[in-house]
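Below is one structure, written out as structure tokens; the observations come after it.
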Amino acid sequence: MLKAVGFDDEDLARPLIGVATSWIETMPCNLNQRELAKDVKRGIRKAGATPVEFNTVAVSDGVSMGSEGMRASLVSREVIADSIELVVRGHLFDGLVCIVGCDKTIPAAALALSRLDIPGLVFYNGSIAPGRFRGRDVTIQDVFEAVGAHAAGTMSAADVRELEDVACPGAGACGGQFTANTMATLLEFLGLSPAGANEIPAVHAAKRVAAERAGALAVDLVRDDTRPSMIVTREAIENAIVVLEASGGSTNGVLHLIAIARELDIPLELDDFDRIAALTPVIADLRPGGRFTAVDLYDAGGYAVLARKLLDAGHLHVGVKNVDGRTLAEIAATAEETPDQRVIVDPVRPLQPTGSIAVLRGNLAPEGAVVKLAGHGRRAHSGPAHVFDSEEACFEAITSNAIAGGDVIVIRYEGPSGGPGMREMLHVTGALVGAGLGESVALITDGRFSGATRGLMVGHVAPEAAHGGPLADVRDGDTIVIDVDARELRLDVPAHEMERRREEWVRPTPPIHTRCACEVRCPRLVCRGRRHRHR
């Protein structure tokens, strides 16, 4: 069978290294992976092993944002991880290189590699270059915010179209410290990606050179039997959290790091993020909260500069190892900081004194909620609740100018079960910022946010409303208090009234659409999976 594919006896006598790609023509994020796979495979062959390429699915968060398709995004992480695991186990590969791009492919590859615990690495295909719009750099974040600006009357439809045409100029994942670049950064500090490889932009000539080196490195890992469980330790996880906090990274990093830690039986809890945040300054001026893109970070000197500054300030564990065999201290020592760069600041004069992500609790979030603080100074808000049972209903209210300054917007039934799928809310948060409401309203949800979200937005509220969490009991006009310094998310409603509402609550049926399950041939789409009578 393998000879029919084109392998010969010499090929099959060598170690077999799987090369997993998530190439797909639905987004620019993974678009260069076919070419990078050739480079990885060349490196594997030169190092004396045999590459075997295969691919997985991928879902574009940016394309599916604000639609029913976003319900598939977080689920795709599990499908991608499972598919990599199945191919590797089914074909008994000796090692593995995962080429990743869009948001969920990166943690999915880390989950699969950790679960399999075979020698291998994860290689990020790189960030997209910023677009240029009327003399300034732009990213996909600007497009989502333009939707709100158009609704507010400050941008014309022609302006939005012009921006849309230039915001994404080619291959690569979204250009700020959004989820893809956040996770690409964290994987280098976890040690699963070769140091200095992920930061290289997608269309930079050095990317293909790094891809070939990654292929050769995978062969070395097989020969030395270096496994993920030897690389990703508790100290490495803590380093990744430090960098998440210091770089103004995506709140999705919380979900993904906890998942990776559990694959390796490393204890990690939500409160660990808050503890580390209290000790970690924000030192990277990156979008969405800051001014610069991932390409600017690379031009400033890259992750090694970030590592050196954090190490010098005593924020990182020194001795953790990378798949390339070097310790973090050795990697940091190679840093070449660009003179007069403004992307990474000195920890002595940070952009914020504490980390970019905080954990809130209270009677609205007994099991915790996550808020991103980078890029805005707001640490408290109190106001009347404006409640929506879906993202679509909230978006309609924003675009029809039905949201008032001071409101606390509540979007519920968008959690993992209630959504289902825990959709990201960039469609909504971008529209709020674009409409000029980003500094005057707050938003809380049991869903989650894109890494491009900015403003006082609280997500991951647990327990979720569909499981009977307190978010289900909020009514329009209730006063909600967000107090970051007190780490509190509170509903100012008496306990006895909350109990009464709880008794009245009926769990809504999730909006799942499926074909009629009866035996009669019927094209009708029915909601909630219920049978119906035929007339």
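Just so we're on the same page: first chain in the structure tokens is A, next is B, and so on; residues restart at 1 for each chain, and ligands are numbered from 1 in the order they show up.
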
Just want the 8 Å neighbourhood of segment 102-109 of chain A, counted on only C-alpha atoms, with same-chain residues fewer than 5 positions away dropped. Output as a compact mmCIF listing (two decimals) with N, CA, C and O atoms, in the first residue's frame.
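out_13.txt, written as the output of this step:
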# COMPACT_ATOMS: atom_id res chain seq x y z
N SER A 22 -3.20 22.05 8.35
CA SER A 22 -4.62 22.40 8.42
C SER A 22 -4.95 23.35 7.28
O SER A 22 -5.72 24.29 7.43
N CYS A 29 -5.49 32.52 6.84
CA CYS A 29 -4.70 32.15 8.02
C CYS A 29 -3.81 30.93 7.78
O CYS A 29 -2.70 30.87 8.28
N ASN A 30 -4.29 29.95 7.04
CA ASN A 30 -3.57 28.69 6.83
C ASN A 30 -3.13 28.51 5.38
O ASN A 30 -2.71 27.42 4.99
N ALA A 58 -10.35 22.83 9.51
CA ALA A 58 -10.12 24.09 10.22
C ALA A 58 -11.34 24.98 10.00
O ALA A 58 -12.00 24.90 8.97
N VAL A 59 -11.65 25.80 10.99
CA VAL A 59 -12.76 26.75 10.91
C VAL A 59 -12.20 28.14 11.14
O VAL A 59 -11.51 28.38 12.14
N SER A 60 -12.50 29.07 10.25
CA SER A 60 -12.02 30.43 10.39
C SER A 60 -12.91 31.20 11.35
O SER A 60 -14.09 31.41 11.08
N ASP A 61 -12.33 31.65 12.45
CA ASP A 61 -13.09 32.48 13.38
C ASP A 61 -13.51 33.78 12.73
O ASP A 61 -14.63 34.27 12.92
N SER A 73 -16.55 26.79 15.89
CA SER A 73 -15.15 27.16 16.07
C SER A 73 -14.47 26.41 17.21
O SER A 73 -13.47 25.71 17.00
N LEU A 74 -14.96 26.56 18.42
CA LEU A 74 -14.29 25.92 19.55
C LEU A 74 -14.37 24.40 19.45
O LEU A 74 -13.44 23.69 19.82
N SER A 76 -14.17 22.78 16.81
CA SER A 76 -13.17 22.33 15.84
C SER A 76 -11.83 22.03 16.51
O SER A 76 -11.08 21.18 16.01
N ARG A 77 -11.53 22.69 17.61
CA ARG A 77 -10.29 22.39 18.33
C ARG A 77 -10.23 20.91 18.69
O ARG A 77 -9.20 20.24 18.53
N GLU A 78 -11.34 20.40 19.20
CA GLU A 78 -11.38 18.98 19.61
C GLU A 78 -11.31 18.05 18.40
O GLU A 78 -10.64 17.01 18.44
N ILE A 80 -9.94 18.67 15.48
CA ILE A 80 -8.58 18.71 14.93
C ILE A 80 -7.63 17.86 15.78
O ILE A 80 -6.85 17.06 15.26
N ALA A 81 -7.70 18.04 17.10
CA ALA A 81 -6.84 17.25 17.99
C ALA A 81 -7.12 15.76 17.84
O ALA A 81 -6.19 14.95 17.74
N ILE A 84 -5.74 14.41 14.40
CA ILE A 84 -4.28 14.22 14.42
C ILE A 84 -3.94 12.96 15.20
O ILE A 84 -3.14 12.12 14.76
N VAL A 122 5.34 21.82 17.10
CA VAL A 122 4.30 22.60 16.43
C VAL A 122 4.96 23.78 15.74
O VAL A 122 5.77 24.50 16.35
N TYR A 124 4.14 27.24 13.56
CA TYR A 124 3.12 28.23 13.18
C TYR A 124 3.46 28.82 11.83
O TYR A 124 4.60 29.26 11.60
N ALA A 173 -2.17 34.43 9.65
CA ALA A 173 -3.24 34.58 10.64
C ALA A 173 -3.34 36.02 11.11
O ALA A 173 -2.39 36.81 10.98
N CYS A 174 -4.48 36.37 11.71
CA CYS A 174 -4.83 37.76 12.06
C CYS A 174 -3.68 38.45 12.79
O CYS A 174 -3.06 37.90 13.69
N THR A 179 -5.96 35.76 19.09
CA THR A 179 -5.78 34.39 19.61
C THR A 179 -4.67 33.62 18.89
O THR A 179 -3.88 32.93 19.53
N ALA A 180 -4.60 33.73 17.57
CA ALA A 180 -3.58 32.95 16.85
C ALA A 180 -2.18 33.36 17.27
O ALA A 180 -1.34 32.52 17.62
N MET A 183 -1.41 32.37 20.92
CA MET A 183 -1.07 30.96 21.12
C MET A 183 0.26 30.60 20.48
O MET A 183 1.00 29.76 21.00
N ALA A 184 0.58 31.23 19.35
CA ALA A 184 1.89 30.99 18.73
C ALA A 184 3.01 31.44 19.67
O ALA A 184 4.05 30.78 19.78
N HIS A 256 -7.23 27.46 26.55
CA HIS A 256 -6.33 26.53 25.88
C HIS A 256 -5.20 26.04 26.78
O HIS A 256 -4.82 24.85 26.74
N ILE A 260 -4.36 22.14 27.71
CA ILE A 260 -3.05 21.53 27.47
C ILE A 260 -2.50 20.94 28.77
O ILE A 260 -1.97 19.81 28.79

### Query
Can you list, as a PyMOL selection string, every residue of segment 299-480 of chain A that DSSP puts in strand (DSSP E)?
chain A and resi 357-362+365-372+380-388+408-411+442-445+457-462+479-480

### Task
Rank A:Thr338, A:Arg136, A:Ile331, A:Val40 by their smallest atom-to-atom distance to Ala210 of chain A, using only C-alpha atoms, and report the top residue only.
A:Val40

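Between atom CA of Pro463 of chain A and atom CA of Met422 of chain A the separation is 12.7 Å.
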
### Message
Under the rule that only C-alpha atoms are counted, which of A:Gly436, A:Gly62, A:Gly405, A:Gly175 is the nearest residue to Gly131 of chain A?
### Response
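Result for the nearest residue to Gly131 of chain A: A:Gly175.
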
### Task
Just list the residues in segment 44-185 of chain A DSSP gives helix (DSSP H, G or I) on the backbone, as an MDAnalysis selection string.
chainID A and resid 44:46 61:64 68:91 105:116 140:152 157:166 179:185

### Task
Name all residues at most 7 Å from Ile140 of chain A (count only C-alpha atoms; drop same-chain ones fewer than 4 positions away) and give them as a list in words.
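These residues fall inside the cut-off: Phe144, Ala167, Cys168 and Cys174 of chain A.
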
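Here the question is which of A:Asp220, A:Asp94, A:Glu145, A:Glu188 gets nearest to Ile398 of chain A using only C-alpha atoms, and that residue is A:Glu145.
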
Closest-contact table, segment 287-361 of chain A side, partner segment 264-283 of chain A, 8 Å, counting only C-alpha atoms, as JSON lines:
{"residue": "A:His315", "atom": "CA", "partner": "A:Thr280", "partner_atom": "CA", "distance": 6.9}
{"residue": "A:Ile344", "atom": "CA", "partner": "A:Ile283", "partner_atom": "CA", "distance": 5.6}
{"residue": "A:Val345", "atom": "CA", "partner": "A:Ile283", "partner_atom": "CA", "distance": 5.1}
{"residue": "A:Asp346", "atom": "CA", "partner": "A:Ile283", "partner_atom": "CA", "distance": 6.7}
{"residue": "A:Pro347", "atom": "CA", "partner": "A:Ile283", "partner_atom": "CA", "distance": 6.1}
{"residue": "A:Pro350", "atom": "CA", "partner": "A:Ile283", "partner_atom": "CA", "distance": 5.2}
{"residue": "A:Leu351", "atom": "CA", "partner": "A:Val282", "partner_atom": "CA", "distance": 5.5}
{"residue": "A:Gln352", "atom": "CA", "partner": "A:Val282", "partner_atom": "CA", "distance": 5.0}
{"residue": "A:Pro353", "atom": "CA", "partner": "A:Pro281", "partner_atom": "CA", "distance": 4.6}
{"residue": "A:Thr354", "atom": "CA", "partner": "A:Pro281", "partner_atom": "CA", "distance": 4.3}
{"residue": "A:Gly355", "atom": "CA", "partner": "A:Ala277", "partner_atom": "CA", "distance": 4.2}
{"residue": "A:Ser356", "atom": "CA", "partner": "A:Val282", "partner_atom": "CA", "distance": 6.4}
{"residue": "A:Ile357", "atom": "CA", "partner": "A:Ala277", "partner_atom": "CA", "distance": 6.7}
{"residue": "A:Ala358", "atom": "CA", "partner": "A:Asp274", "partner_atom": "CA", "distance": 5.4}
{"residue": "A:Val359", "atom": "CA", "partner": "A:Asp274", "partner_atom": "CA", "distance": 5.7}

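Closest to His460 of chain A among A:Thr251, A:Val348, A:Arg501, A:Asp492 is A:Thr251, based on only C-alpha atoms.
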
### Query
Excluding same-chain residues fewer than 3 positions from Ala211 of chain A, what lies within 8 Å of it counting only C-alpha atoms, as a VMD selection string?
chain A and resid 36 to 37 39 to 40 43 123 197 207 to 208 214 to 215

Near Ala435 of chain A, counting only C-alpha atoms, which residues have an atom at most 6 Å away, once you skip same-chain residues fewer than 2 positions from it, shown as an mmCIF file with all heavy atoms, in the first residue's frame?
data_model
loop_
_atom_site.group_PDB
_atom_site.id
_atom_site.type_symbol
_atom_site.label_atom_id
_atom_site.label_comp_id
_atom_site.auth_asym_id
_atom_site.auth_seq_id
_atom_site.Cartn_x
_atom_site.Cartn_y
_atom_site.Cartn_z
ATOM 1 N N GLY A 148 -19.636 48.955 13.347
ATOM 2 C CA GLY A 148 -20.278 49.815 14.335
ATOM 3 C C GLY A 148 -20.202 51.276 13.945
ATOM 4 O O GLY A 148 -21.153 52.041 14.165
ATOM 5 N N ALA A 149 -19.077 51.686 13.371
ATOM 6 C CA ALA A 149 -18.935 53.071 12.938
ATOM 7 C C ALA A 149 -19.932 53.395 11.832
ATOM 8 O O ALA A 149 -20.501 54.499 11.787
ATOM 9 C CB ALA A 149 -17.505 53.332 12.465
ATOM 10 N N ALA A 152 -23.246 53.906 13.368
ATOM 11 C CA ALA A 152 -23.316 55.190 14.068
ATOM 12 C C ALA A 152 -23.280 56.376 13.116
ATOM 13 O O ALA A 152 -23.408 57.524 13.544
ATOM 14 C CB ALA A 152 -22.166 55.296 15.064
ATOM 15 N N ALA A 431 -18.566 46.141 17.037
ATOM 16 C CA ALA A 431 -19.610 47.102 16.698
ATOM 17 C C ALA A 431 -19.790 48.130 17.807
ATOM 18 O O ALA A 431 -20.017 49.312 17.540
ATOM 19 C CB ALA A 431 -20.925 46.375 16.428
ATOM 20 N N LEU A 432 -19.673 47.694 19.066
ATOM 21 C CA LEU A 432 -19.781 48.637 20.188
ATOM 22 C C LEU A 432 -18.674 49.683 20.142
ATOM 23 O O LEU A 432 -18.924 50.890 20.285
ATOM 24 C CB LEU A 432 -19.712 47.883 21.518
ATOM 25 C CG LEU A 432 -20.960 47.156 21.996
ATOM 26 C CD1 LEU A 432 -20.632 46.290 23.200
ATOM 27 C CD2 LEU A 432 -22.065 48.147 22.352
ATOM 28 N N VAL A 433 -17.446 49.227 19.931
ATOM 29 C CA VAL A 433 -16.316 50.152 19.889
ATOM 30 C C VAL A 433 -16.455 51.083 18.689
ATOM 31 O O VAL A 433 -16.266 52.302 18.792
ATOM 32 C CB VAL A 433 -14.984 49.379 19.838
ATOM 33 C CG1 VAL A 433 -13.817 50.327 19.582
ATOM 34 C CG2 VAL A 433 -14.767 48.615 21.143
ATOM 35 N N LEU A 437 -19.168 53.413 21.729
ATOM 36 C CA LEU A 437 -19.683 53.027 23.045
ATOM 37 C C LEU A 437 -18.670 52.242 23.871
ATOM 38 O O LEU A 437 -18.961 51.837 24.993
ATOM 39 C CB LEU A 437 -20.958 52.190 22.878
ATOM 40 C CG LEU A 437 -22.172 52.934 22.311
ATOM 41 C CD1 LEU A 437 -23.247 51.943 21.875
ATOM 42 C CD2 LEU A 437 -22.730 53.905 23.341
#

### Query
Could you state the separation of atom CA of Pro130 of chain A and atom CA of Val295 of chain A in Å, given to one decimal place?
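Answer for the atom CA of Pro130 of chain A to atom CA of Val295 of chain A separation: 7.7 Å.
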
### Query
Contacts of Asn181 of chain A at 12 Å or less, counting only C-alpha atoms, minus same-chain residues fewer than 6 places along, as a ChimeraX atom specification?
/A:29,100-107,124-128,172-175,187-188,198-202,243-244,247-250,252-253,286-288,293-295,297-298,303,450-452

#### Entry: Residue contacts of segment 469-485 of chain A (8 Å, only C-alpha atoms) excluding same-chain residues fewer than 5 positions away, as a PyMOL selection string
chain A and resi 358+360+363-365+379-387+408+412-413+446+461-464+490-493+498+501-502+505
